[in-house]
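Okay, upload-v4.cif now, which holds mmCIF, C-alpha atoms:
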data_structure
#
loop_
_atom_site.label_atom_id
_atom_site.label_comp_id
_atom_site.auth_asym_id
_atom_site.auth_seq_id
_atom_site.Cartn_x
_atom_site.Cartn_y
_atom_site.Cartn_z
CA MET A 181 28.74 -2.52 -5.03
CA GLU A 182 25.99 -5.13 -4.80
CA ASP A 183 26.54 -5.33 -1.03
CA ARG A 184 26.10 -1.55 -0.76
CA LYS A 185 22.91 -1.67 -2.81
CA GLY A 186 21.57 -4.35 -0.47
CA LYS A 187 22.31 -2.21 2.59
CA ILE A 188 20.57 0.76 0.98
CA LEU A 189 17.56 -1.42 0.13
CA ILE A 190 17.29 -2.52 3.77
CA GLY A 191 17.16 1.08 5.01
CA LEU A 192 14.63 2.11 2.37
CA SER A 193 12.43 -0.92 3.13
CA ILE A 194 12.40 -0.07 6.84
CA ALA A 195 11.24 3.47 6.03
CA ALA A 196 8.58 2.17 3.63
CA PHE A 197 7.45 -0.41 6.22
CA LEU A 198 6.85 2.19 8.95
CA GLY A 199 4.01 3.94 7.07
CA PRO A 200 1.49 1.06 6.81
CA PHE A 201 2.73 -0.46 10.09
CA THR A 202 1.86 2.76 11.91
CA GLN A 203 -1.59 2.75 10.32
CA THR A 204 -2.65 -0.41 12.17
CA ILE A 205 -0.36 -0.89 15.19
CA TYR A 206 -2.87 0.51 17.67
CA THR A 207 -6.06 -0.88 16.11
CA PRO A 208 -6.35 -3.60 18.83
CA SER A 209 -6.54 -0.75 21.36
CA LEU A 210 -9.13 1.46 19.64
CA ALA A 211 -11.64 0.96 22.46
CA GLU A 212 -9.01 2.05 25.00
CA VAL A 213 -8.27 5.15 22.87
CA GLY A 214 -11.93 6.13 23.07
CA HIS A 215 -12.07 5.60 26.82
CA TYR A 216 -8.82 7.45 27.45
CA TYR A 217 -9.82 10.55 25.50
CA GLU A 218 -13.56 10.23 26.26
CA VAL A 219 -14.60 10.35 22.59
CA ASN A 220 -17.04 8.25 20.57
CA GLN A 221 -16.30 5.72 17.84
CA PHE A 222 -16.46 8.31 15.05
CA PHE A 223 -13.64 10.35 16.57
CA VAL A 224 -11.62 7.22 17.28
CA ASN A 225 -11.94 6.12 13.64
CA LEU A 226 -11.01 9.64 12.55
CA THR A 227 -7.49 9.06 13.90
CA ILE A 228 -7.09 6.31 11.29
CA SER A 229 -8.93 8.07 8.45
CA LEU A 230 -6.98 11.31 8.89
CA TYR A 231 -3.70 9.39 8.81
CA THR A 232 -4.72 7.67 5.56
CA PHE A 233 -5.96 10.92 4.00
CA VAL A 234 -2.73 12.82 4.78
CA LEU A 235 -0.66 9.84 3.60
CA ALA A 236 -2.46 9.91 0.24
CA ILE A 237 -2.56 13.67 -0.38
CA ASN A 238 1.06 14.25 0.63
CA GLN A 239 2.20 12.01 -2.25
CA PHE A 240 1.70 15.04 -4.53
CA LEU A 241 4.17 17.07 -2.47
CA VAL A 242 6.78 14.44 -1.68
CA GLY A 243 7.03 13.00 -5.19
CA PRO A 244 7.97 16.27 -6.93
CA LEU A 245 10.28 17.32 -4.07
CA SER A 246 12.21 14.06 -4.34
CA ASP A 247 12.67 14.69 -8.07
CA THR A 248 13.90 18.26 -7.63
CA ARG A 249 15.52 18.48 -4.17
CA GLY A 250 16.91 14.98 -3.78
CA ARG A 251 16.00 11.56 -2.37
CA LYS A 252 18.01 11.67 0.85
CA ALA A 253 17.28 15.37 1.29
CA ILE A 254 13.55 14.54 1.50
CA LEU A 255 13.66 11.16 3.24
CA LEU A 256 15.62 12.16 6.34
CA PRO A 257 13.52 15.24 7.32
CA GLY A 258 10.40 13.14 6.69
CA ILE A 259 11.55 10.47 9.13
CA LEU A 260 12.30 13.15 11.74
CA ILE A 261 8.82 14.65 11.32
CA PHE A 262 7.37 11.17 11.73
CA MET A 263 9.40 10.69 14.92
CA VAL A 264 8.14 13.99 16.36
CA GLY A 265 4.56 13.00 15.50
CA SER A 266 5.06 9.63 17.22
CA LEU A 267 6.36 11.33 20.37
CA ILE A 268 3.39 13.72 20.38
CA CYS A 269 1.01 10.75 20.15
CA PHE A 270 2.90 9.00 22.96
CA LEU A 271 2.79 12.02 25.28
CA SER A 272 -0.49 13.71 24.27
CA PRO A 273 -2.86 14.34 27.20
CA ASN A 274 -5.83 15.27 24.98
CA TYR A 275 -7.51 13.98 21.84
CA TYR A 276 -6.82 16.91 19.52
CA LEU A 277 -3.10 16.90 20.23
CA PHE A 278 -3.12 13.15 19.54
CA LEU A 279 -4.91 13.79 16.24
CA PHE A 280 -2.30 16.41 15.34
CA GLY A 281 0.43 13.88 16.10
CA ARG A 282 -1.22 11.35 13.78
CA ALA A 283 -1.30 13.93 10.97
CA LEU A 284 2.41 14.68 11.53
CA GLN A 285 3.22 10.97 11.44
CA ALA A 286 1.51 10.56 8.08
CA PHE A 287 2.99 13.76 6.66
CA GLY A 288 6.50 12.65 7.54
CA ILE A 289 6.46 8.97 6.64
CA THR A 290 5.00 9.59 3.18
CA THR A 291 8.61 10.06 2.14
CA GLY A 292 9.34 6.40 2.84
CA SER A 293 7.24 4.78 0.12
CA VAL A 294 7.96 7.42 -2.54
CA VAL A 295 11.70 7.74 -2.01
CA ALA A 296 12.23 3.97 -1.72
CA ALA A 297 10.85 3.28 -5.19
CA ALA A 298 12.68 6.27 -6.69
CA VAL A 299 16.06 5.24 -5.24
CA ILE A 300 15.57 1.67 -6.45
CA GLY A 301 15.03 3.13 -9.91
CA ASP A 302 18.20 5.22 -9.51
CA ILE A 303 20.64 2.55 -8.36
CA TYR A 304 19.39 -0.67 -9.94
CA ALA A 305 19.65 -1.50 -13.63
CA PRO A 306 16.29 -2.22 -15.34
CA LYS A 307 16.81 -6.00 -15.23
CA GLU A 308 17.58 -5.87 -11.48
CA ARG A 309 14.76 -3.56 -10.43
CA GLY A 310 12.05 -6.20 -10.27
CA LYS A 311 13.73 -8.21 -7.52
CA ALA A 312 14.50 -5.07 -5.51
CA MET A 313 10.95 -3.80 -5.96
CA SER A 314 9.62 -7.12 -4.66
CA VAL A 315 11.53 -6.62 -1.39
CA TYR A 316 10.16 -3.08 -1.05
CA GLN A 317 6.57 -4.13 -1.84
CA THR A 318 6.77 -7.09 0.53
CA MET A 319 7.73 -4.77 3.39
CA VAL A 320 4.90 -2.40 2.51
CA PHE A 321 2.37 -5.23 2.71
CA LEU A 322 3.84 -6.73 5.86
CA GLY A 323 3.29 -3.40 7.63
CA PRO A 324 -0.51 -3.47 8.02
CA VAL A 325 -0.42 -7.21 8.75
CA LEU A 326 2.21 -7.09 11.50
CA GLY A 327 0.79 -3.87 12.98
CA PRO A 328 -2.18 -5.47 14.80
CA VAL A 329 -0.02 -8.44 15.86
CA VAL A 330 2.58 -6.21 17.53
CA GLY A 331 -0.17 -3.92 18.81
CA SER A 332 -1.92 -6.84 20.51
CA LEU A 333 1.29 -7.81 22.30
CA ILE A 334 1.82 -4.22 23.43
CA ALA A 335 -1.78 -3.96 24.65
CA ALA A 336 -1.38 -7.21 26.59
CA TYR A 337 1.76 -6.19 28.46
CA ALA A 338 1.85 -2.38 28.46
CA GLU A 339 -0.28 0.77 28.20
CA TRP A 340 -1.51 1.44 24.62
CA HIS A 341 0.45 4.71 24.30
CA SER A 342 3.63 2.61 24.40
CA ALA A 343 3.10 1.65 20.76
CA PHE A 344 3.98 5.20 19.75
CA ALA A 345 7.17 5.18 21.82
CA ILE A 346 8.21 2.06 19.90
CA LEU A 347 7.42 3.84 16.62
CA ALA A 348 9.58 6.79 17.69
CA PHE A 349 12.51 4.45 18.42
CA GLY A 350 11.93 2.74 15.07
CA ALA A 351 12.04 6.13 13.35
CA LEU A 352 15.25 7.04 15.17
CA PHE A 353 16.88 3.81 13.99
CA ALA A 354 15.66 4.36 10.40
CA TYR A 355 16.99 7.93 10.45
CA ILE A 356 20.45 6.98 11.73
CA TYR A 357 20.75 3.98 9.41
CA ASN A 358 19.72 5.87 6.28
CA ARG A 359 21.82 8.90 7.19
CA ILE A 360 24.90 6.66 7.33
CA VAL A 361 24.19 4.22 4.47
CA LEU A 362 22.15 6.19 1.93
CA LYS A 363 24.02 8.51 -0.41
CA GLU A 364 22.19 11.03 -2.58
CA THR A 365 21.17 9.18 -5.75
CA LEU A 366 19.51 12.06 -7.59
CA THR A 367 22.20 13.26 -9.98
CA LYS A 368 22.04 16.44 -12.02
CA ASP A 369 21.44 14.54 -15.25
CA ILE A 370 18.22 12.93 -13.94
CA ALA A 371 16.97 15.73 -11.70
CA SER A 372 13.89 17.61 -12.86
CA LYS A 373 14.35 21.36 -12.82
CA LYS A 374 10.69 22.02 -12.17
CA ILE A 375 7.54 20.00 -11.50
CA THR A 376 4.36 21.64 -12.80
CA PHE A 377 0.75 20.71 -13.43
CA GLN A 378 1.84 19.62 -16.89
CA THR A 379 4.14 17.04 -15.26
CA PHE A 380 1.20 15.39 -13.49
CA LYS A 381 -0.90 15.65 -16.62
CA GLY A 382 1.87 14.06 -18.66
CA ILE A 383 2.03 11.09 -16.27
CA LEU A 384 -1.72 10.49 -16.31
CA MET A 385 -2.03 11.07 -20.06
CA ASN A 386 0.67 8.52 -20.82
CA ARG A 387 -1.32 5.47 -21.94
CA ALA A 388 1.07 2.95 -20.45
CA ALA A 389 1.27 4.77 -17.10
CA PHE A 390 -2.50 5.28 -16.96
CA SER A 391 -3.14 1.56 -17.44
CA VAL A 392 -0.71 0.68 -14.63
CA ILE A 393 -2.17 3.31 -12.27
CA LEU A 394 -5.75 2.21 -13.03
CA LEU A 395 -4.76 -1.40 -12.39
CA GLY A 396 -3.29 -0.43 -9.01
CA PHE A 397 -6.52 1.40 -8.15
CA VAL A 398 -8.92 -1.47 -8.89
CA GLN A 399 -6.71 -4.12 -7.32
CA PHE A 400 -6.34 -2.15 -4.07
CA TYR A 401 -10.07 -1.47 -4.13
CA GLY A 402 -10.56 -5.23 -4.32
CA TYR A 403 -8.02 -5.93 -1.59
CA TYR A 404 -9.86 -3.67 0.86
CA ILE A 405 -13.24 -5.08 -0.16
CA PHE A 406 -11.99 -8.46 1.03
CA LEU A 407 -10.46 -6.99 4.21
CA VAL A 408 -13.65 -5.21 5.22
CA PHE A 409 -16.41 -7.59 4.10
CA ILE A 410 -14.97 -11.09 4.64
CA PRO A 411 -15.67 -11.01 8.43
CA GLY A 412 -19.37 -10.37 7.76
CA LEU A 413 -19.44 -13.14 5.16
CA LEU A 414 -17.93 -15.54 7.70
CA ASP A 415 -20.72 -14.66 10.13
CA GLU A 416 -23.39 -15.03 7.47
CA LEU A 417 -22.27 -18.35 6.00
CA TYR A 418 -20.34 -20.19 8.69
CA SER A 419 -20.91 -18.42 12.05
CA VAL A 420 -17.14 -18.33 12.62
CA PRO A 421 -16.20 -17.31 16.19
CA MET A 422 -14.44 -13.97 16.56
CA VAL A 423 -11.23 -15.59 17.79
CA TYR A 424 -10.79 -17.46 14.48
CA LYS A 425 -11.74 -14.72 12.03
CA GLY A 426 -8.24 -13.31 11.84
CA LEU A 427 -6.97 -16.64 10.52
CA PHE A 428 -8.97 -16.18 7.31
CA PHE A 429 -6.81 -13.20 6.35
CA MET A 430 -3.68 -15.34 6.42
CA PRO A 431 -4.19 -16.87 2.93
CA LEU A 432 -4.65 -13.40 1.42
CA THR A 433 -1.61 -12.00 3.20
CA ALA A 434 0.60 -15.05 2.64
CA GLY A 435 -0.42 -15.04 -1.01
CA ILE A 436 0.57 -11.38 -1.42
CA VAL A 437 3.95 -11.88 0.27
CA PHE A 438 4.72 -15.02 -1.75
CA GLY A 439 3.44 -13.42 -4.96
CA THR A 440 5.50 -10.27 -4.42
CA ILE A 441 8.69 -12.28 -3.97
CA LEU A 442 7.83 -14.41 -7.00
CA GLY A 443 6.86 -11.35 -9.05
CA GLY A 444 10.25 -9.76 -8.53
CA ARG A 445 12.05 -12.90 -9.65
CA ILE A 446 10.02 -13.71 -12.77
CA GLN A 447 10.67 -10.25 -14.22
CA ALA A 448 14.04 -11.67 -15.24
CA PHE A 449 12.24 -14.11 -17.55
CA LEU A 450 8.95 -12.43 -18.54
CA ASN A 451 8.31 -8.88 -19.76
CA HIS A 452 6.24 -6.46 -17.71
CA THR A 453 3.38 -6.37 -20.20
CA PHE A 454 2.89 -10.13 -19.97
CA ILE A 455 2.93 -10.06 -16.15
CA LEU A 456 0.57 -7.10 -15.86
CA LEU A 457 -1.87 -8.43 -18.44
CA TYR A 458 -2.23 -11.97 -17.18
CA THR A 459 -2.32 -11.08 -13.48
CA ALA A 460 -4.93 -8.39 -14.26
CA TYR A 461 -7.21 -10.87 -16.02
CA GLY A 462 -6.35 -13.46 -13.38
CA THR A 463 -7.59 -11.35 -10.44
CA GLY A 464 -10.81 -10.58 -12.32
CA ILE A 465 -11.43 -14.25 -13.10
CA VAL A 466 -10.67 -15.29 -9.51
CA VAL A 467 -13.24 -12.84 -8.13
CA LEU A 468 -15.75 -13.88 -10.81
CA GLY A 469 -15.29 -17.50 -9.69
CA PHE A 470 -15.65 -16.41 -6.06
CA TRP A 471 -18.94 -14.68 -6.91
CA ALA A 472 -20.20 -17.73 -8.88
CA PHE A 473 -19.54 -20.06 -5.93
CA LEU A 474 -21.27 -17.57 -3.65
CA PHE A 475 -24.25 -17.16 -5.98
CA LEU A 476 -24.66 -20.93 -6.36
CA LYS A 477 -24.30 -21.36 -2.58
CA ILE A 478 -21.42 -23.80 -2.89
CA LEU A 479 -18.72 -21.62 -1.31
CA SER A 480 -17.12 -23.93 1.24
CA ILE A 481 -14.44 -22.79 3.67
CA PRO A 482 -11.65 -24.55 1.69
CA ALA A 483 -12.90 -22.85 -1.50
CA LEU A 484 -12.97 -19.46 0.26
CA VAL A 485 -9.39 -19.95 1.46
CA LEU A 486 -8.27 -20.98 -2.05
CA PHE A 487 -9.88 -17.94 -3.70
CA LEU A 488 -8.28 -15.57 -1.16
CA LEU A 489 -4.90 -17.23 -1.66
CA CYS A 490 -5.13 -16.97 -5.46
CA TYR A 491 -6.15 -13.31 -5.34
CA GLY A 492 -3.24 -12.56 -3.00
CA VAL A 493 -0.68 -14.39 -5.14
CA LEU A 494 -1.80 -12.69 -8.37
CA LEU A 495 -1.88 -9.25 -6.73
CA GLY A 496 1.57 -9.86 -5.25
CA ILE A 497 3.03 -10.93 -8.60
CA SER A 498 1.63 -7.80 -10.26
CA LEU A 499 2.92 -5.23 -7.73
CA PRO A 500 6.68 -5.27 -8.49
CA SER A 501 5.93 -4.94 -12.21
CA GLN A 502 3.64 -1.97 -11.55
CA SER A 503 6.31 -0.08 -9.58
CA THR A 504 9.14 -1.08 -11.91
CA SER A 505 7.12 -0.06 -14.96
CA LEU A 506 6.54 3.46 -13.68
CA VAL A 507 10.16 4.15 -12.73
CA ASN A 508 11.20 2.81 -16.14
CA LEU A 509 8.74 5.08 -17.90
CA PHE A 510 9.68 8.32 -16.13
CA VAL A 511 13.45 8.58 -15.78
CA GLN A 512 13.39 12.20 -14.56
CA GLN A 513 10.12 12.02 -12.62
CA LYS A 514 10.39 8.71 -10.77
CA GLY A 515 9.31 10.18 -7.45
CA THR A 516 6.43 12.15 -8.96
CA ALA A 517 5.19 9.11 -10.88
CA MET A 518 5.30 6.96 -7.73
CA GLY A 519 3.53 9.72 -5.81
CA VAL A 520 0.67 9.76 -8.31
CA TYR A 521 0.53 5.95 -8.31
CA ASN A 522 0.49 5.74 -4.50
CA PHE A 523 -2.16 8.43 -4.24
CA VAL A 524 -4.44 6.64 -6.70
CA ARG A 525 -4.07 3.19 -5.15
CA PHE A 526 -4.52 4.59 -1.61
CA THR A 527 -7.67 6.26 -2.94
CA GLY A 528 -8.84 2.86 -4.18
CA ALA A 529 -8.21 1.47 -0.70
CA ALA A 530 -10.21 4.33 0.87
CA ILE A 531 -13.10 4.07 -1.61
CA GLY A 532 -13.37 0.29 -1.20
CA PRO A 533 -15.15 0.26 2.19
CA LEU A 534 -17.36 3.26 1.32
CA LEU A 535 -18.53 2.23 -2.16
CA GLY A 536 -18.62 -1.38 -1.01
CA SER A 537 -21.08 -0.46 1.74
CA LEU A 538 -23.38 1.26 -0.77
CA LEU A 539 -23.26 -1.72 -3.13
CA PHE A 540 -23.79 -4.17 -0.27
CA ASN A 541 -26.86 -2.25 0.87
CA LEU A 542 -28.22 -2.39 -2.70
CA GLY A 543 -27.80 -6.10 -3.31
CA GLY A 544 -25.77 -7.80 -0.61
CA ASP A 545 -22.72 -9.94 -1.28
CA ASN A 546 -23.79 -10.78 -4.83
CA ILE A 547 -23.75 -7.21 -6.14
CA LEU A 548 -20.62 -6.44 -4.09
CA TYR A 549 -18.48 -9.16 -5.67
CA ILE A 550 -19.90 -9.17 -9.21
CA THR A 551 -19.17 -5.44 -9.48
CA LEU A 552 -15.67 -6.05 -8.10
CA SER A 553 -15.01 -8.66 -10.79
CA ILE A 554 -16.30 -6.23 -13.45
CA PHE A 555 -14.01 -3.44 -12.18
CA LEU A 556 -11.02 -5.79 -12.24
CA LEU A 557 -11.79 -7.04 -15.73
CA ILE A 558 -12.20 -3.45 -16.96
CA GLY A 559 -8.74 -2.71 -15.56
CA ALA A 560 -7.37 -5.77 -17.37
CA PHE A 561 -9.07 -4.71 -20.60
CA VAL A 562 -7.47 -1.25 -20.41
CA VAL A 563 -4.04 -2.86 -19.94
CA HIS A 564 -4.82 -5.15 -22.89
CA ARG A 565 -5.86 -2.26 -25.15
CA THR A 566 -2.73 -0.31 -24.31
CA SER A 567 -0.43 -3.33 -24.40
CA GLN A 568 1.50 -2.13 -27.45
CA ALA A 569 2.16 1.27 -25.90
CA THR A 570 2.94 -0.43 -22.61
CA LEU A 571 5.39 -2.81 -24.25
CA LYS A 572 7.28 0.02 -25.92
CA GLY A 573 7.45 2.11 -22.77
CA LEU A 574 8.13 -0.41 -20.06
CA GLU A 575 10.76 -2.81 -21.30
#

Would you mind writing the file's structure down as structure tokens?
Amino acid sequence: MEDRKGKILIGLSIAAFLGPFTQTIYTPSLAEVGHYYEVNQFFVNLTISLYTFVLAINQFLVGPLSDTRGRKAILLPGILIFMVGSLICFLSPNYYLFLFGRALQAFGITTGSVVAAAVIGDIYAPKERGKAMSVYQTMVFLGPVLGPVVGSLIAAYAEWHSAFAILAFGALFAYIYNRIVLKETLTKDIASKKITFQTFKGILMNRAAFSVILLGFVQFYGYYIFLVFIPGLLDELYSVPMVYKGLFFMPLTAGIVFGTILGGRIQAFLNHTFILLYTAYGTGIVVLGFWAFLFLKILSIPALVLFLLCYGVLLGISLPSQSTSLVNLFVQQKGTAMGVYNFVRFTGAAIGPLLGSLLFNLGGDNILYITLSIFLLIGAFVVHRTSQATLKGLE
């Protein structure tokens, strides 16, 4: 039985991995995309923004469908739609057809992240879910990191469209594997008969769920603040050459991967409330320290690396508890709850660069990072205030 669960987890993790991996696999070739389709930078960036927007909005459709129609019944058609979108992107002779293919990719692969968490909640006992969730979350975070790496290799040895042929083959493998290994896990006793506006309202009005969702929002906002603004900070403080800038994301990424693995394991020894509360305050304090070093002009490169590593580890530890908490809270609406959670944290990721730019223009790095620390500490305070409700609902 455990061996079968492991095989199912592998297939789900592959599907969940494809979404964020697809988001960044062709980013090293963005200039070539513009030249090929004869469009400016705005339209090139739109191919990424549209993908992210569809990925976020479709959570509201996929989550309820997985709770009413079935996990496998939603996952497999989604992977096929993603495969068709990948083939359109691979073969498209004009920009607008390529953009349509990107929208189809996002629409289809949304099923991966939602269904994976819901199935984990279906087949794993509460005490086992944390470790399984850590595997799933690790794959989700490896996606955007490995995307540019693989994309660079493709760009070096083949035409940039080839990336989408590889994605289509990956989708075909994921479809066949999950069709064979995954059995329908949505039983009649846990299936929701109907998902309405009141269902979404009930999820957001639940104090424990709201605190977890808010925490996911502010932490993803912070993650993308670092992703977008660290390169400029490296120019400003250290004049780091372009070839070395990518190395400074390694502590953040390695920290998240290590923290996610650790977070899944420590759920066997610590309750979710403890993990959520202390990692929430921890991320806020880390960013506050980062800002203080920056303000005092004592932020050395080793200190920068250490702060990024600490933020990544704490975020990684928190993530499995966030996902596990929500599937524990909503037995009959696991997919819907994860859909709402994913939508909100993707929104945080999207808002990060936009709001961050406004704050940076108002007061530079100082206002950018002090406000980030305040947002994180507010999220921690909300978790703290609802800790009793959280403790009753999550354990």

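Of the listed residues (A:Val320, A:Ile268, A:Ile481, A:Leu255), A:Val320 comes nearest to Phe197 of chain A; the distances count all atoms listed in the file.
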
Inset, instruction - Identify all residues satisfying the PyMOL selection byres ((chain A and resi 524) around 10) in the given file; provide them as a ChimeraX atom specification. - result: /A:236-237,239,393-398,400,518-523,525-530

Selected residues, C-alpha atoms, written as a PDB file, keeping the file's coordinate frame, please.
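Result file follows (result.pdb):
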ATOM      1  CA  ALA A 236      -2.460   9.910   0.240  1.00  0.00           C
ATOM      2  CA  ILE A 237      -2.560  13.670  -0.380  1.00  0.00           C
ATOM      3  CA  GLN A 239       2.200  12.010  -2.250  1.00  0.00           C
ATOM      4  CA  ILE A 393      -2.170   3.310 -12.270  1.00  0.00           C
ATOM      5  CA  LEU A 394      -5.750   2.210 -13.030  1.00  0.00           C
ATOM      6  CA  LEU A 395      -4.760  -1.400 -12.390  1.00  0.00           C
ATOM      7  CA  GLY A 396      -3.290  -0.430  -9.010  1.00  0.00           C
ATOM      8  CA  PHE A 397      -6.520   1.400  -8.150  1.00  0.00           C
ATOM      9  CA  VAL A 398      -8.920  -1.470  -8.890  1.00  0.00           C
ATOM     10  CA  PHE A 400      -6.340  -2.150  -4.070  1.00  0.00           C
ATOM     11  CA  MET A 518       5.300   6.960  -7.730  1.00  0.00           C
ATOM     12  CA  GLY A 519       3.530   9.720  -5.810  1.00  0.00           C
ATOM     13  CA  VAL A 520       0.670   9.760  -8.310  1.00  0.00           C
ATOM     14  CA  TYR A 521       0.530   5.950  -8.310  1.00  0.00           C
ATOM     15  CA  ASN A 522       0.490   5.740  -4.500  1.00  0.00           C
ATOM     16  CA  PHE A 523      -2.160   8.430  -4.240  1.00  0.00           C
ATOM     17  CA  ARG A 525      -4.070   3.190  -5.150  1.00  0.00           C
ATOM     18  CA  PHE A 526      -4.520   4.590  -1.610  1.00  0.00           C
ATOM     19  CA  THR A 527      -7.670   6.260  -2.940  1.00  0.00           C
ATOM     20  CA  GLY A 528      -8.840   2.860  -4.180  1.00  0.00           C
ATOM     21  CA  ALA A 529      -8.210   1.470  -0.700  1.00  0.00           C
ATOM     22  CA  ALA A 530     -10.210   4.330   0.870  1.00  0.00           C
TER      23      ALA A 530
END

Inset, instruction - To verify the selection step, state as a PyMOL selection string which residues the PyMOL selection byres ((chain A and resi 209-221) around 7) yields on this input. - result: chain A and resi 206-208+222-225+274-275+335+340

Inset, instruction - Name the residues that the PyMOL selection byres ((chain A and resi 201) around 9) pulls out of this structure, and write them as an MDAnalysis selection string. - result: chainID A and resid 197:200 202:205 320:328

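When atom CA of Thr551 of chain A is paired with atom CA of Gly435 of chain A, their separation reads 22.7 Å.
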
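Atom CA of Thr365 of chain A is found 15.9 Å from atom CA of Val242 of chain A.
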
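Minimum atom-to-atom distance to Val299 of chain A, evaluated using all atoms listed in the file, belongs to A:Leu366 out of A:Leu534, A:Leu414, A:Ile554, A:Leu366.
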
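Atom pair atom CA of Ala354 of chain A / atom CA of Leu267 of chain A has a distance of 15.3 Å (rounded to one decimal).
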
Legend entry - Residue among A:Phe555, A:Tyr404, A:Phe349, A:Tyr355 lying closest to Ile259 of chain A, counting all atoms listed in the file: A:Tyr355

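Minimum atom-to-atom distance to Thr459 of chain A, evaluated using all atoms listed in the file, belongs to A:Ala560 out of A:Leu362, A:Ala560, A:Val511, A:Val485.
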
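Using all atoms listed in the file, the nearest neighbour of Ser314 of chain A within the list A:Val294, A:Ala336, A:Leu442, A:Leu279 is A:Leu442.
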
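Candidate residues A:Ile405, A:Leu552, A:Ala483, A:Met319 were compared for distance to Pro533 of chain A, and the nearest is A:Ile405, using all atoms listed in the file.
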
Legend entry - All residues 10 Å or closer to Leu230 of chain A, all atoms listed in the file, same chain fewer than 2 positions away omitted, as a ChimeraX atom specification: /A:225-228,232-236,279-280,282-283,286

Give the centre and edge lengths of an axis-aligned box, in Å to one decimal, that holds all listed atoms of segment 512-522 of chain A with 6 Å on each side, as AutoDock Vina command-line options.
--center_x 6.9 --center_y 9.0 --center_z -9.5 --size_x 24.9 --size_y 18.5 --size_z 22.1

Inset, instruction - Excluding Gly186 of chain A and residues on its chain fewer than 2 positions from it, collect all residues at most 12 Å away from it, counting only C-alpha atoms, and give them as a PyMOL selection string. - result: chain A and resi 181-184+188-193+300+303-304+308+311-313+315-316+361-362

Inset, instruction - Find the residues around Ser391 of chain A up to 8 Å (only C-alpha atoms counted), leave out those fewer than 6 positions away in its own chain, and share them as number ranges by chain. - result: A: 559, 562-563, 566

Pull out segment 243-256 of chain A, keep N, CA and C atoms, and write it as a compact mmCIF listing (two decimals), in the first residue's frame.
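Output below, filename result_12.txt:
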# COMPACT_ATOMS: atom_id res chain seq x y z
N GLY A 243 -10.57 23.75 -8.64
CA GLY A 243 -10.79 23.30 -7.27
C GLY A 243 -12.17 22.70 -7.05
N PRO A 244 -13.23 23.45 -7.34
CA PRO A 244 -14.58 22.88 -7.17
C PRO A 244 -14.85 21.66 -8.04
N LEU A 245 -14.35 21.65 -9.29
CA LEU A 245 -14.57 20.50 -10.15
C LEU A 245 -13.91 19.24 -9.58
N SER A 246 -12.74 19.40 -8.98
CA SER A 246 -12.06 18.23 -8.41
C SER A 246 -12.80 17.70 -7.19
N ASP A 247 -13.57 18.56 -6.52
CA ASP A 247 -14.34 18.15 -5.35
C ASP A 247 -15.70 17.55 -5.71
N THR A 248 -16.16 17.80 -6.93
CA THR A 248 -17.48 17.30 -7.33
C THR A 248 -17.40 16.23 -8.42
N ARG A 249 -16.46 16.38 -9.36
CA ARG A 249 -16.36 15.45 -10.49
C ARG A 249 -15.33 14.35 -10.28
N GLY A 250 -14.32 14.64 -9.47
CA GLY A 250 -13.29 13.63 -9.23
C GLY A 250 -11.90 14.17 -9.50
N ARG A 251 -10.90 13.58 -8.82
CA ARG A 251 -9.51 14.03 -8.97
C ARG A 251 -8.94 13.61 -10.32
N LYS A 252 -8.99 12.30 -10.60
CA LYS A 252 -8.45 11.79 -11.85
C LYS A 252 -9.25 12.31 -13.04
N ALA A 253 -10.55 12.44 -12.85
CA ALA A 253 -11.43 12.91 -13.93
C ALA A 253 -11.09 14.33 -14.37
N ILE A 254 -10.48 15.11 -13.49
CA ILE A 254 -10.09 16.49 -13.81
C ILE A 254 -8.63 16.56 -14.23
N LEU A 255 -7.77 15.79 -13.57
CA LEU A 255 -6.34 15.85 -13.84
C LEU A 255 -6.00 15.44 -15.27
N LEU A 256 -6.51 14.30 -15.71
CA LEU A 256 -6.12 13.78 -17.02
C LEU A 256 -6.53 14.69 -18.19
